[in-house]
Each structure stands twice: as C-alpha cells, then as structure tokens.
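Shown next: my_file01.pdb, given as PDB, C-alpha atoms.
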```pdb
MODEL        1
ATOM      1  CA  MET A 177       0.000   0.000   0.000
ATOM      2  CA  ALA A 178       1.201   3.497  -0.864
ATOM      3  CA  LYS A 179       2.461   5.700   1.954
ATOM      4  CA  PHE A 180       2.808   9.480   2.084
ATOM      5  CA  PRO A 181       4.037  12.129   4.497
ATOM      6  CA  LEU A 182       1.088  13.835   6.188
ATOM      7  CA  ARG A 183       0.251  17.145   4.536
ATOM      8  CA  ARG A 184      -2.436  19.819   4.408
ATOM      9  CA  PHE A 185      -3.667  22.005   1.574
ATOM     10  CA  ASN A 186      -3.075  25.731   1.902
ATOM     11  CA  PRO A 187      -5.988  28.111   1.069
ATOM     12  CA  GLN A 188      -4.985  28.187  -2.598
ATOM     13  CA  GLY A 189      -4.838  24.393  -2.597
ATOM     14  CA  ILE A 190      -8.351  24.111  -1.181
ATOM     15  CA  GLU A 191      -9.623  26.428  -3.923
ATOM     16  CA  VAL A 192      -7.952  24.271  -6.570
ATOM     17  CA  VAL A 193      -9.464  21.099  -5.102
ATOM     18  CA  VAL A 194     -12.945  22.637  -5.199
ATOM     19  CA  GLN A 195     -12.396  23.699  -8.812
ATOM     20  CA  GLN A 196     -11.189  20.229  -9.776
ATOM     21  CA  LEU A 197     -14.117  18.537  -8.051
ATOM     22  CA  ASP A 198     -16.532  20.868  -9.820
ATOM     23  CA  MET A 199     -14.927  19.879 -13.124
ATOM     24  CA  ILE A 200     -15.391  16.196 -12.285
ATOM     25  CA  LYS A 201     -19.042  16.898 -11.412
ATOM     26  CA  ALA A 202     -19.387  18.535 -14.829
ATOM     27  CA  GLY A 203     -18.104  15.382 -16.525
ATOM     28  CA  HIS A 204     -14.504  16.343 -17.203
ATOM     29  CA  SER A 205     -11.583  13.983 -16.682
ATOM     30  CA  VAL A 206      -9.357  15.288 -13.888
ATOM     31  CA  ASP A 207      -6.362  13.701 -12.157
ATOM     32  CA  LEU A 208      -6.327  14.698  -8.487
ATOM     33  CA  GLU A 209      -3.144  12.699  -7.873
ATOM     34  CA  GLU A 210      -0.937  15.571  -8.998
ATOM     35  CA  LEU A 211      -2.260  17.780  -6.195
ATOM     36  CA  ILE A 212      -1.268  15.503  -3.325
ATOM     37  CA  GLU A 213       2.399  16.469  -3.076
ATOM     38  CA  SER A 214       2.292  19.859  -4.796
ATOM     39  CA  PRO A 215       4.777  22.219  -3.081
ATOM     40  CA  GLN A 216       2.695  25.196  -4.239
ATOM     41  CA  LEU A 217      -0.622  23.904  -2.889
ATOM     42  CA  THR A 218       0.335  21.850   0.191
ATOM     43  CA  GLU A 219       2.344  22.096   3.399
ATOM     44  CA  GLN A 220       4.117  19.040   4.764
ATOM     45  CA  ILE A 221       3.305  18.122   8.381
ATOM     46  CA  SER A 222       5.261  14.913   9.013
ATOM     47  CA  ILE A 223       8.761  14.005   7.855
ATOM     48  CA  ASP A 224       8.121  10.275   7.642
ATOM     49  CA  ASN A 225       5.655   8.425   5.426
ATOM     50  CA  ALA A 226       2.969   8.537   8.087
ATOM     51  CA  VAL A 227      -0.185   7.954   6.047
ATOM     52  CA  GLU A 228      -0.946   4.578   4.540
ATOM     53  CA  VAL A 229      -3.608   4.533   1.830
ATOM     54  CA  ARG A 230      -5.638   1.570   3.007
ATOM     55  CA  ASN A 231      -9.193   0.351   2.525
ATOM     56  CA  PHE A 232     -11.666   0.981   5.334
ATOM     57  CA  SER A 233     -14.329  -1.591   6.091
ATOM     58  CA  ASN A 234     -16.654   1.043   7.582
ATOM     59  CA  ARG A 235     -16.748   4.447   9.265
ATOM     60  CA  MET A 236     -15.553   2.976  12.572
ATOM     61  CA  ASP A 237     -12.462   1.523  10.910
ATOM     62  CA  CYS A 238     -11.809   4.853   9.192
ATOM     63  CA  ALA A 239     -12.378   6.889  12.354
ATOM     64  CA  LYS A 240     -10.043   4.705  14.422
ATOM     65  CA  TYR A 241      -7.284   5.022  11.844
ATOM     66  CA  MET A 242      -7.669   8.811  11.590
ATOM     67  CA  TYR A 243      -7.771   9.168  15.366
ATOM     68  CA  GLU A 244      -4.559   7.178  15.872
ATOM     69  CA  LEU A 245      -2.839   8.986  12.996
ATOM     70  CA  LEU A 246      -3.662  12.446  14.309
ATOM     71  CA  GLU A 247      -2.898  11.548  17.922
ATOM     72  CA  GLU A 248       0.574  10.465  16.758
ATOM     73  CA  HIS A 249       1.091  13.909  15.221
ATOM     74  CA  SER A 250      -0.838  15.962  17.764
ATOM     75  CA  SER A 251       2.118  18.257  18.457
ATOM     76  CA  ARG A 252       1.951  19.454  14.837
ATOM     77  CA  ILE A 253      -1.845  19.393  14.595
ATOM     78  CA  PRO A 254      -3.142  20.843  17.869
ATOM     79  CA  TYR A 255      -6.685  21.481  16.580
ATOM     80  CA  PRO A 256      -7.474  18.865  13.927
ATOM     81  CA  GLU A 257     -11.234  19.478  14.018
ATOM     82  CA  THR A 258     -10.762  22.963  12.557
ATOM     83  CA  ASP A 259      -7.947  22.109  10.140
ATOM     84  CA  GLY A 260      -9.812  22.304   6.838
ATOM     85  CA  GLY A 261      -6.641  21.983   4.776
ATOM     86  CA  LEU A 262      -5.742  18.727   6.539
ATOM     87  CA  TRP A 263      -9.139  17.114   5.990
ATOM     88  CA  THR A 264      -9.309  18.255   2.383
ATOM     89  CA  TRP A 265      -5.889  16.719   1.741
ATOM     90  CA  LEU A 266      -6.866  13.453   3.435
ATOM     91  CA  ALA A 267     -10.060  13.326   1.388
ATOM     92  CA  VAL A 268      -8.119  13.712  -1.855
ATOM     93  CA  LEU A 269      -5.634  11.077  -0.727
ATOM     94  CA  PHE A 270      -8.397   8.564   0.090
ATOM     95  CA  ARG A 271     -10.575   9.683  -2.823
ATOM     96  CA  GLU A 272     -11.111   6.194  -4.266
ATOM     97  CA  GLN A 273     -13.138   5.333  -1.169
ATOM     98  CA  LEU A 274     -15.166   8.541  -1.166
ATOM     99  CA  TRP A 275     -16.764   8.528  -4.608
ATOM    100  CA  LYS A 276     -20.520   8.163  -4.679
ATOM    101  CA  SER A 277     -22.211   5.596  -6.867
ATOM    102  CA  GLY A 278     -24.108   6.935  -9.855
ATOM    103  CA  LYS A 279     -23.532   9.759 -12.303
ATOM    104  CA  ASP A 280     -22.469  12.402  -9.758
ATOM    105  CA  LYS A 281     -19.663  10.558  -8.031
ATOM    106  CA  VAL A 282     -18.414  13.675  -6.210
ATOM    107  CA  GLY A 283     -21.615  14.608  -4.387
ATOM    108  CA  ALA A 284     -21.718  17.680  -2.156
ATOM    109  CA  ILE A 285     -18.402  19.517  -1.830
ATOM    110  CA  GLU A 286     -18.841  19.332   1.964
ATOM    111  CA  ARG A 287     -18.076  15.628   1.691
ATOM    112  CA  TRP A 288     -14.537  16.665   0.679
ATOM    113  CA  VAL A 289     -13.950  20.128   2.160
ATOM    114  CA  PRO A 290     -15.228  20.599   5.736
ATOM    115  CA  SER A 291     -17.845  23.263   6.287
ATOM    116  CA  SER A 292     -17.259  25.820   9.056
ATOM    117  CA  HIS A 293     -20.915  25.387  10.043
ATOM    118  CA  PHE A 294     -21.297  22.693  12.704
ATOM    119  CA  GLN A 295     -24.489  21.194  11.267
ATOM    120  CA  ARG A 296     -22.710  20.637   7.947
ATOM    121  CA  TYR A 297     -19.222  19.863   9.295
ATOM    122  CA  TYR A 298     -20.222  16.244   9.916
ATOM    123  CA  ARG A 299     -20.937  15.735   6.238
ATOM    124  CA  HIS A 300     -17.210  15.501   5.605
ATOM    125  CA  LEU A 301     -16.646  11.810   5.000
ATOM    126  CA  LEU A 302     -13.465  11.583   7.082
ATOM    127  CA  ALA A 303     -13.731  14.399   9.627
ATOM    128  CA  GLY A 304     -17.295  13.424  10.551
ATOM    129  CA  PRO A 305     -16.584   9.882  11.770
ATOM    130  CA  TYR A 306     -13.282  11.014  13.310
ATOM    131  CA  PHE A 307     -15.023  13.604  15.467
ATOM    132  CA  ILE A 308     -17.676  11.124  16.646
ATOM    133  CA  TYR A 309     -14.975   8.561  17.470
ATOM    134  CA  LYS A 310     -12.879  11.124  19.346
ATOM    135  CA  THR A 311     -15.896  12.326  21.302
ATOM    136  CA  HIS A 312     -16.504   8.747  22.482
ATOM    137  CA  GLU A 313     -12.878   7.607  22.569
ATOM    138  CA  ASP A 314     -13.347   5.878  25.941
ATOM    139  CA  ASP A 315     -15.980   3.573  24.374
ATOM    140  CA  PRO A 316     -16.588   4.133  20.628
ATOM    141  CA  SER A 317     -19.018   1.193  20.545
ATOM    142  CA  ARG A 318     -21.695   3.385  22.114
ATOM    143  CA  ALA A 319     -21.698   5.395  18.868
ATOM    144  CA  LEU A 320     -21.901   2.403  16.507
ATOM    145  CA  ILE A 321     -25.196   3.585  15.064
ATOM    146  CA  ALA A 322     -23.252   6.472  13.494
ATOM    147  CA  LEU A 323     -20.120   4.521  12.554
ATOM    148  CA  TYR A 324     -21.126   1.148  11.118
ATOM    149  CA  THR A 325     -21.913   2.273   7.547
ATOM    150  CA  LYS A 326     -19.620   2.636   4.522
ATOM    151  CA  VAL A 327     -17.348   5.661   4.469
ATOM    152  CA  SER A 328     -18.804   6.826   1.146
ATOM    153  CA  ALA A 329     -22.441   6.277   2.180
ATOM    154  CA  PRO A 330     -23.160   7.353   5.775
ATOM    155  CA  GLY A 331     -26.893   6.773   5.416
ATOM    156  CA  ASP A 332     -30.077   8.504   6.550
ATOM    157  CA  ILE A 333     -29.675   7.802  10.260
ATOM    158  CA  VAL A 334     -26.210   9.329  10.321
ATOM    159  CA  GLU A 335     -27.524  12.352   8.428
ATOM    160  CA  SER A 336     -30.284  12.867  10.986
ATOM    161  CA  LEU A 337     -28.014  12.400  14.021
ATOM    162  CA  GLN A 338     -24.684  13.929  13.154
ATOM    163  CA  SER A 339     -25.799  17.552  12.949
ATOM    164  CA  ARG A 340     -27.182  17.453  16.505
ATOM    165  CA  LYS A 341     -24.651  18.431  19.166
ATOM    166  CA  ASP A 342     -27.155  17.493  21.859
ATOM    167  CA  VAL A 343     -27.132  13.913  20.562
ATOM    168  CA  VAL A 344     -23.626  13.304  19.236
ATOM    169  CA  ARG A 345     -21.696  14.784  22.160
ATOM    170  CA  PHE A 346     -23.450  13.043  25.044
ATOM    171  CA  PRO A 347     -22.503   9.434  25.893
ATOM    172  CA  SER A 348     -25.819   8.308  27.388
ATOM    173  CA  VAL A 349     -27.862   9.710  24.498
ATOM    174  CA  MET A 350     -25.659   8.153  21.809
ATOM    175  CA  GLU A 351     -25.658   4.843  23.670
ATOM    176  CA  ALA A 352     -29.454   4.923  23.886
ATOM    177  CA  VAL A 353     -29.751   5.543  20.136
ATOM    178  CA  THR A 354     -27.317   2.709  19.395
ATOM    179  CA  LYS A 355     -29.207   0.317  21.672
ATOM    180  CA  LEU A 356     -32.478   1.261  20.007
ATOM    181  CA  TYR A 357     -31.531   1.111  16.353
ATOM    182  CA  TYR A 358     -28.318  -0.882  15.851
ATOM    183  CA  ASP A 359     -28.480  -4.668  15.606
ATOM    184  CA  PRO A 360     -25.175  -6.217  16.784
ATOM    185  CA  ALA A 361     -26.160  -9.582  15.279
ATOM    186  CA  THR A 362     -26.457  -8.275  11.728
ATOM    187  CA  LYS A 363     -24.129  -5.269  12.224
ATOM    188  CA  LEU A 364     -26.775  -3.139  10.530
ATOM    189  CA  ASN A 365     -29.482  -0.793  11.708
ATOM    190  CA  LYS A 366     -32.739  -2.493  12.644
ATOM    191  CA  LYS A 367     -35.446  -2.716  10.005
ATOM    192  CA  GLY A 368     -37.440   0.495   9.864
ATOM    193  CA  ALA A 369     -34.997   2.500  11.975
ATOM    194  CA  ALA A 370     -34.395   5.029   9.208
ATOM    195  CA  SER A 371     -38.058   5.354   8.220
ATOM    196  CA  LYS A 372     -40.489   8.142   9.089
ATOM    197  CA  THR A 373     -42.758   5.820  11.055
ATOM    198  CA  LYS A 374     -43.487   5.873  14.786
ATOM    199  CA  GLY A 375     -40.570   4.893  16.966
ATOM    200  CA  ALA A 376     -37.956   5.412  14.233
ATOM    201  CA  CYS A 377     -34.793   7.456  14.706
ATOM    202  CA  ARG A 378     -36.223  10.785  13.557
ATOM    203  CA  ARG A 379     -39.063  10.337  16.006
ATOM    204  CA  PHE A 380     -36.554   9.727  18.820
ATOM    205  CA  ILE A 381     -35.046  13.154  18.158
ATOM    206  CA  GLU A 382     -38.507  14.782  18.244
ATOM    207  CA  VAL A 383     -39.400  13.054  21.513
ATOM    208  CA  LYS A 384     -36.031  13.932  23.031
ATOM    209  CA  ASP A 385     -36.591  17.601  22.202
ATOM    210  CA  GLN A 386     -39.957  17.461  23.967
ATOM    211  CA  PHE A 387     -38.534  15.643  27.010
ATOM    212  CA  ASP A 388     -35.654  18.110  27.301
ATOM    213  CA  LEU A 389     -38.183  20.575  28.742
ATOM    214  CA  THR A 390     -38.835  18.251  31.690
ATOM    215  CA  PHE A 391     -35.991  15.738  32.040
ATOM    216  CA  ASP A 392     -32.218  16.051  32.298
ATOM    217  CA  PHE A 393     -31.237  13.524  29.639
ATOM    218  CA  TYR A 394     -27.572  14.282  30.140
ATOM    219  CA  GLY A 395     -27.602  13.207  33.757
ATOM    220  CA  MET A 396     -29.331   9.919  32.991
ATOM    221  CA  THR A 397     -28.034   6.519  31.893
ATOM    222  CA  SER A 398     -28.937   5.135  28.491
ATOM    223  CA  ASP A 399     -31.302   2.613  30.073
ATOM    224  CA  GLN A 400     -33.060   5.361  32.010
ATOM    225  CA  ILE A 401     -33.537   7.272  28.758
ATOM    226  CA  LEU A 402     -34.918   4.187  27.036
ATOM    227  CA  GLY A 403     -37.286   3.618  29.943
ATOM    228  CA  LEU A 404     -38.819   7.059  29.451
ATOM    229  CA  LEU A 405     -39.754   6.503  25.822
ATOM    230  CA  PRO A 406     -43.428   5.908  25.004
ATOM    231  CA  ALA A 407     -44.844   2.628  23.712
ATOM    232  CA  GLU A 408     -44.289   3.537  20.061
ATOM    233  CA  PHE A 409     -40.591   2.680  20.588
ATOM    234  CA  ASP A 410     -41.273  -0.839  21.881
ATOM    235  CA  ARG A 411     -40.596  -2.560  18.557
ATOM    236  CA  PHE A 412     -37.031  -1.235  18.645
ATOM    237  CA  ARG A 413     -36.564  -1.232  22.404
ATOM    238  CA  ASN A 414     -37.542  -4.881  22.734
ATOM    239  CA  SER A 415     -35.823  -6.267  19.635
TER     240      SER A 415
ENDMDL
END
```
Let me see the structure of the file written as structure tokens.
Amino acid sequence: MAKFPLRRFNPQGIEVVVQQLDMIKAGHSVDLEELIESPQLTEQISIDNAVEVRNFSNRMDCAKYMYELLEEHSSRIPYPETDGGLWTWLAVLFREQLWKSGKDKVGAIERWVPSSHFQRYYRHLLAGPYFIYKTHEDDPSRALIALYTKVSAPGDIVESLQSRKDVVRFPSVMEAVTKLYYDPATKLNKKGAASKTKGACRRFIEVKDQFDLTFDFYGMTSDQILGLLPAEFDRFRNS
C-alpha cells in the first residue's frame, strides 16, 4: 500500500481542489493525484511516510485510523477538528473510497472540504466519523449507530443524528440511540430505523426535544432514557 508524508492544503490548494471537483461533477476527466504532493498547494506536516492509503471496512475503521494517525502527530496538529486543509488533503488522498455511486460521483463539496458550520461539518466523509470517534474515545461502541456504515455512504440515520450536538456529544444519548436502532447480530441498523414511522430514529429526536423541557437527559443513563420513551418505541426497544 502506498504511503505518504502527512500534509495539508493551503488556502490556494483548497480552492484548486474545489475547482477540480466541480470539473469532475461537470463530466470532465481530472487527475487529483498531482495535487497531493504539490509544493505550491500543500504544506508538509510529518517528515516520515505517516499515512498509509488503506481500505476501510466502515466508518468505525476509518475513524479509528484517523484518530490514531492524528494523535501520533498531535504536536503538529493541535486542533485537527478545525484544520480544513488537513481534511481536504486526506479526502483527496483517500478519494477512491469517497466517490458516490451513480452519475455524480463527487456529491456535495462538503463531503470533501469541511464546512465551518457545525451542522454541515459532519458531512465531511473523514472528519465526521473522526469527530464522533474522538468524542466517544473511551468507548466508541456506544456510537456504533453512526459509525457502522460505509465511508462513502453514511446513510439517513447518520444524516439525521450527526448535525445534533445534543445527541452526538453526550454518551448516554448516543448509547441509547445505538441500543435502540443498531443490531449487533447483523451489524446493521434495525429494520425500519431510518423510516419516518413511529418509533424510528427521527421520532426519537422529536421526543427527546420534547422531554428536554422536563428531564435532564444528560444526567441519565442510556437505560433510564430508554425507559422514558413511550410505547411507540417498543418494537425497537424490545428487539
């Protein structure tokens, strides 16, 4: 597997990446490889070949790798969450795993270049899972519902959860969502979890918002949270 020194794009480099991705979206043939080690567009962070271009089995695998990589170089990357040039460079490096299926294989630019807006930051295909993993580094399994899918296809549940600080950042809430909607036997979300029906994930967020007016979710355990939910959640709670 190919290895590269860790780098980040400078502001000009990010602009060029966006332009190149737009050209790909328009149907043009573009080679992003030439950007990866450009001395004009990138800044080198590590001296050694720190980054191995490997295949990730899912978002958890990706997040763990990114977490360990950035922890190893934390002295040079003190604030990785806000390092847009770093995440853009990593996205270009791992581009073969980020393409969407179908005609528009690029998708939204936010999948490649992190947004400064929190609700859209999580759409970045590498920074999003990394941040969730880091938030739950003491026990990432509690966040499996947001990390079990393919890197290139986070899925509807991830889309509905990841923009909510009040869900993603709190251990008991994330653990409750995982217990409700993730099936450890199949390693998939439970049938109907991503639907708009009663008891599904979107409904959990609505109910949580209502309960926040009365209950302190953040001082409760995941089982206490699950015990508060109305009967419409029984098909997920009891399965």
Among listed residues A:Gly260, A:Trp275, A:Arg235, A:Tyr243, nearest A:Ser291 (using all atoms listed in the file):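 Among A:Gly260, A:Trp275, A:Arg235, A:Tyr243, it is A:Gly260 that comes nearest to A:Ser291.
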Could you tell me, as a PDB file with C-alpha atoms, in the coordinates of the input, which residues have any atom at most 6 Å from (-11.9, 26.3, 10.9), counting all atoms listed in the file?
```pdb
ATOM      1  CA  THR A 258     -10.762  22.963  12.557  1.00  0.00           C
ATOM      2  CA  ASP A 259      -7.947  22.109  10.140  1.00  0.00           C
ATOM      3  CA  SER A 292     -17.259  25.820   9.056  1.00  0.00           C
TER       4      SER A 292
END
```
Selection: 12 Å around A:Pro406, all atoms listed in the file, excl. self and same-chain fewer than 5 positions, as a list in words: Lys374, Gly375, Arg379, Phe380, Val383, Lys384, Phe387, Ile401, Arg411, Phe412 and Arg413 of chain A
Contacts of stretch 305-311 of chain A within 10 Å, all atoms listed in the file, excl. fewer than 6 positions in-chain, as a ChimeraX atom specification: /A:234-244,246,256-257,297-299,317-320,322-324,327,330,334,338,344-347,350
Output of the PyMOL selection byres ((chain A and resi 231) around 12), listed as a ChimeraX atom specification: /A:177-178,228-230,232-235,237-238,241,269-274,326-328
Between atom CA of A:Trp263 and atom CA of A:Ile381, distance in Å (one decimal): 28.9 Å
Taking the file above as input, evaluate the PyMOL selection byres ((chain A and resi 264-267) around 9) and report the hits as a JSON list (two decimals) with C-alpha atoms, in the coordinates of the input.
```
[["chain", "number", "residue", "atom", "x", "y", "z"],
["A", 182, "LEU", "CA", 1.09, 13.84, 6.19],
["A", 183, "ARG", "CA", 0.25, 17.14, 4.54],
["A", 184, "ARG", "CA", -2.44, 19.82, 4.41],
["A", 185, "PHE", "CA", -3.67, 22.00, 1.57],
["A", 189, "GLY", "CA", -4.84, 24.39, -2.60],
["A", 190, "ILE", "CA", -8.35, 24.11, -1.18],
["A", 193, "VAL", "CA", -9.46, 21.10, -5.10],
["A", 211, "LEU", "CA", -2.26, 17.78, -6.20],
["A", 212, "ILE", "CA", -1.27, 15.50, -3.32],
["A", 218, "THR", "CA", 0.34, 21.85, 0.19],
["A", 259, "ASP", "CA", -7.95, 22.11, 10.14],
["A", 260, "GLY", "CA", -9.81, 22.30, 6.84],
["A", 261, "GLY", "CA", -6.64, 21.98, 4.78],
["A", 262, "LEU", "CA", -5.74, 18.73, 6.54],
["A", 263, "TRP", "CA", -9.14, 17.11, 5.99],
["A", 268, "VAL", "CA", -8.12, 13.71, -1.86],
["A", 269, "LEU", "CA", -5.63, 11.08, -0.73],
["A", 270, "PHE", "CA", -8.40, 8.56, 0.09],
["A", 271, "ARG", "CA", -10.58, 9.68, -2.82],
["A", 273, "GLN", "CA", -13.14, 5.33, -1.17],
["A", 274, "LEU", "CA", -15.17, 8.54, -1.17],
["A", 287, "ARG", "CA", -18.08, 15.63, 1.69],
["A", 288, "TRP", "CA", -14.54, 16.66, 0.68],
["A", 289, "VAL", "CA", -13.95, 20.13, 2.16],
["A", 290, "PRO", "CA", -15.23, 20.60, 5.74],
["A", 300, "HIS", "CA", -17.21, 15.50, 5.60],
["A", 301, "LEU", "CA", -16.65, 11.81, 5.00],
["A", 302, "LEU", "CA", -13.46, 11.58, 7.08]]
```
